[in-house]
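A.B. asks: Handing you this structure, nothing more for now.
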Amino acid sequence: MTNWLERLIGETQLRLLGLLRRSRQTITSLAEALGLTDNAVRMHIAALHRDGIVEQVGTQRDTGGKPARLYGLTRAGEELFPKAYALVLSKLVEEIVRTQGRARAVELLRAVGAQAAAGAQRGTSPKHRVEAAAGVFRDLGTDVDLEKTDDGWRLQGYGCPLSAVTSGHPEMCELGKALVEEVVGSRVTECCVRGERPRCGFVVATATE
């Protein structure tokens with residue numbers, strides 16, 4: 001398992017999350033497995049629950065005893081663990097480019113971007129539509145600022161939801177561009193920063209409000 005997660009939350013909480021990933025657990029069962037007191041485990045569970053990583057998922061009744069709360073990982077907690085998404089997506093784009101050409105890969109990625117934006121609430125004014133586009137990126141996990149320009153808006157991301165793939169496949173930025181165009185309904189220029197620290201960037205040309 002990648003060490004960054006251990007550095008972020010500590011060895012004890014990482015072991016606790018590993019146990020919850022395998023099965024639902026009570027405070028007592030976690031304490032026994034970790035060699036801690038029940039109160040120490042409760043403190044860890046409370047902190048992880050506050051951060052939206054752990055949740056109560058039911059109760060377990062021991063013989064003759066009071067029902068004990070069962071805990072498990074939330075979806076956000078599960079997503080903390082390493083996944084193969086980036087590798088699979090990268091290989092998929094490579095295969096499309098190899099077999100069907102870059103133009104086809106861009107076409108498909110733009111279609112995916114448009115579909116991803118299909119449910120966004122667009123609003124009635126250009127500003128509201130750009131704000132809606134920014135909201136979609138925030139939902140994808142990217143912090144975004146909006147800057148007014150002479151002829152529209154600049155959507156500046158601080159990060160990239162596909163950063164593990166974009167550095168090797170600039171075609172991926174077409175997905176983000178199509179997403180913004182679908183929401184704002186006007187021409188968009190992509191100005192993403194790639195490299196070690198990718199950042200999304202799009203300039204939206206809009207009519208004067």
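Naming scheme: A, B, ... for chains in displayed order of the structure tokens; residues 1 onward per chain; ligands 1 onward as shown.
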Pick out the residues sitting within 10 Å of stretch 147-149 of chain A, and hand them over as number ranges by chain; count only C-alpha atoms, and ignore anything fewer than 6 positions along from it in its own chain.

C.D. replies: A: 127, 155-156, 203-206

A.B. asks: Could you please take those selected residues and save N, CA and C atoms as an mmCIF file, in the first residue's frame?

C.D. replies:
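Writing done, so here's out24.cif:
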data_model
loop_
_atom_site.group_PDB
_atom_site.id
_atom_site.type_symbol
_atom_site.label_atom_id
_atom_site.label_comp_id
_atom_site.auth_asym_id
_atom_site.auth_seq_id
_atom_site.Cartn_x
_atom_site.Cartn_y
_atom_site.Cartn_z
ATOM 1 N N LYS A 127 -22.826 34.284 -16.693
ATOM 2 C CA LYS A 127 -22.111 34.091 -15.436
ATOM 3 C C LYS A 127 -22.593 32.842 -14.722
ATOM 4 N N LEU A 155 -11.747 30.096 -16.489
ATOM 5 C CA LEU A 155 -11.942 29.079 -15.458
ATOM 6 C C LEU A 155 -10.570 28.482 -15.161
ATOM 7 N N GLN A 156 -10.029 28.784 -13.973
ATOM 8 C CA GLN A 156 -8.681 28.351 -13.614
ATOM 9 C C GLN A 156 -8.735 27.294 -12.524
ATOM 10 N N VAL A 203 -10.725 29.212 -21.182
ATOM 11 C CA VAL A 203 -11.200 30.568 -21.411
ATOM 12 C C VAL A 203 -12.532 30.467 -22.139
ATOM 13 N N VAL A 204 -13.545 31.104 -21.573
ATOM 14 C CA VAL A 204 -14.892 31.029 -22.102
ATOM 15 C C VAL A 204 -15.269 32.375 -22.709
ATOM 16 N N ALA A 205 -15.563 32.382 -23.980
ATOM 17 C CA ALA A 205 -16.022 33.601 -24.646
ATOM 18 C C ALA A 205 -17.525 33.684 -24.517
ATOM 19 N N THR A 206 -18.003 34.748 -23.895
ATOM 20 C CA THR A 206 -19.456 34.900 -23.691
ATOM 21 C C THR A 206 -19.909 36.270 -24.147
#

A.B. asks: So which one's closest to A:Ser163, A:Glu182, A:Glu94, A:Glu196, A:Asp145? Using only C-alpha atoms, please.

C.D. replies: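 Closest residue, counting only C-alpha atoms: A:Glu196.
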
A.B. asks: Identify, on the basis of only C-alpha atoms, every residue whose closest approach to stretch 106-120 of chain A does not exceed 6 Å; exclude the query and any residue fewer than 5 positions from it along the same chain; express the result as JSON, numbers by chain.

C.D. replies: {"A": [171, 174, 175, 176, 178, 179, 182]}

A.B. asks: Can you check which residues of stretch 58-161 of chain A DSSP gives as strand (DSSP E) on the backbone and send them as a list in words?

C.D. replies: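 These are the residues in question: Gly58, Thr59, Gln60, Ala68, Arg69, Leu70, Tyr71, Gly72, Leu73, Asp143, Val144, Asp145, Leu146, Glu147, Lys148, Thr149, Gly152, Trp153, Arg154, Leu155, Gln156, Gly157 and Tyr158 of chain A.
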
A.B. asks: For A:Thr59, please output as a CSV table (one decimal) with C-alpha atoms, in the first residue's frame all residues within 9 Å (counting only C-alpha atoms; exclusion window: fewer than 4 positions along the same chain).

C.D. replies:
chain,number,residue,atom,x,y,z
A,26,THR,CA,-17.3,-3.1,16.3
A,67,PRO,CA,-26.2,-4.2,20.7
A,68,ALA,CA,-22.8,-3.0,19.6
A,69,ARG,CA,-22.5,-0.5,16.7
A,70,LEU,CA,-20.9,-1.8,13.5
A,71,TYR,CA,-18.7,0.5,11.5

A.B. asks: Applying 9 Å and only C-alpha atoms, which residues near A:Leu162 remain after dropping the ones on its own chain fewer than 2 positions away? List them as a VMD selection string.

C.D. replies: chain A and resid 86 159 to 160 164 to 166 172 to 173 198

A.B. asks: Please identify all polymer residues within 8 Å of A:Leu34, counting only C-alpha atoms, omitting same-chain residues fewer than 5 positions from it, and present them as a PyMOL selection string.

C.D. replies: chain A and resi 12+15-16

A.B. asks: Of the candidates A:Leu140, A:Phe202, A:Gly135, A:His169, which one gets nearest to A:Leu92 if we count only C-alpha atoms?

C.D. replies: A:His169

A.B. asks: Taking 5 positions as the minimum chain separation for residues in the same chain, which residues sit within 8 Å of A:Gly201 when counting only C-alpha atoms? Answer as a ChimeraX atom specification.

C.D. replies: /A:154-157,190-193

A.B. asks: Output C-alpha atoms for every residue in the selection just made, as a compact mmCIF listing (two decimals), in the first residue's frame.

C.D. replies:
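Okay, this is what ended up in part00.txt:
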# COMPACT_ATOMS: atom_id res chain seq x y z
CA ARG A 154 -11.37 32.29 -17.39
CA LEU A 155 -11.94 29.08 -15.46
CA GLN A 156 -8.68 28.35 -13.61
CA GLY A 157 -8.25 25.01 -11.88
CA GLU A 190 -8.31 25.14 -23.55
CA CYS A 191 -5.23 26.51 -21.74
CA CYS A 192 -4.38 23.70 -19.33
CA VAL A 193 -0.99 23.42 -17.65
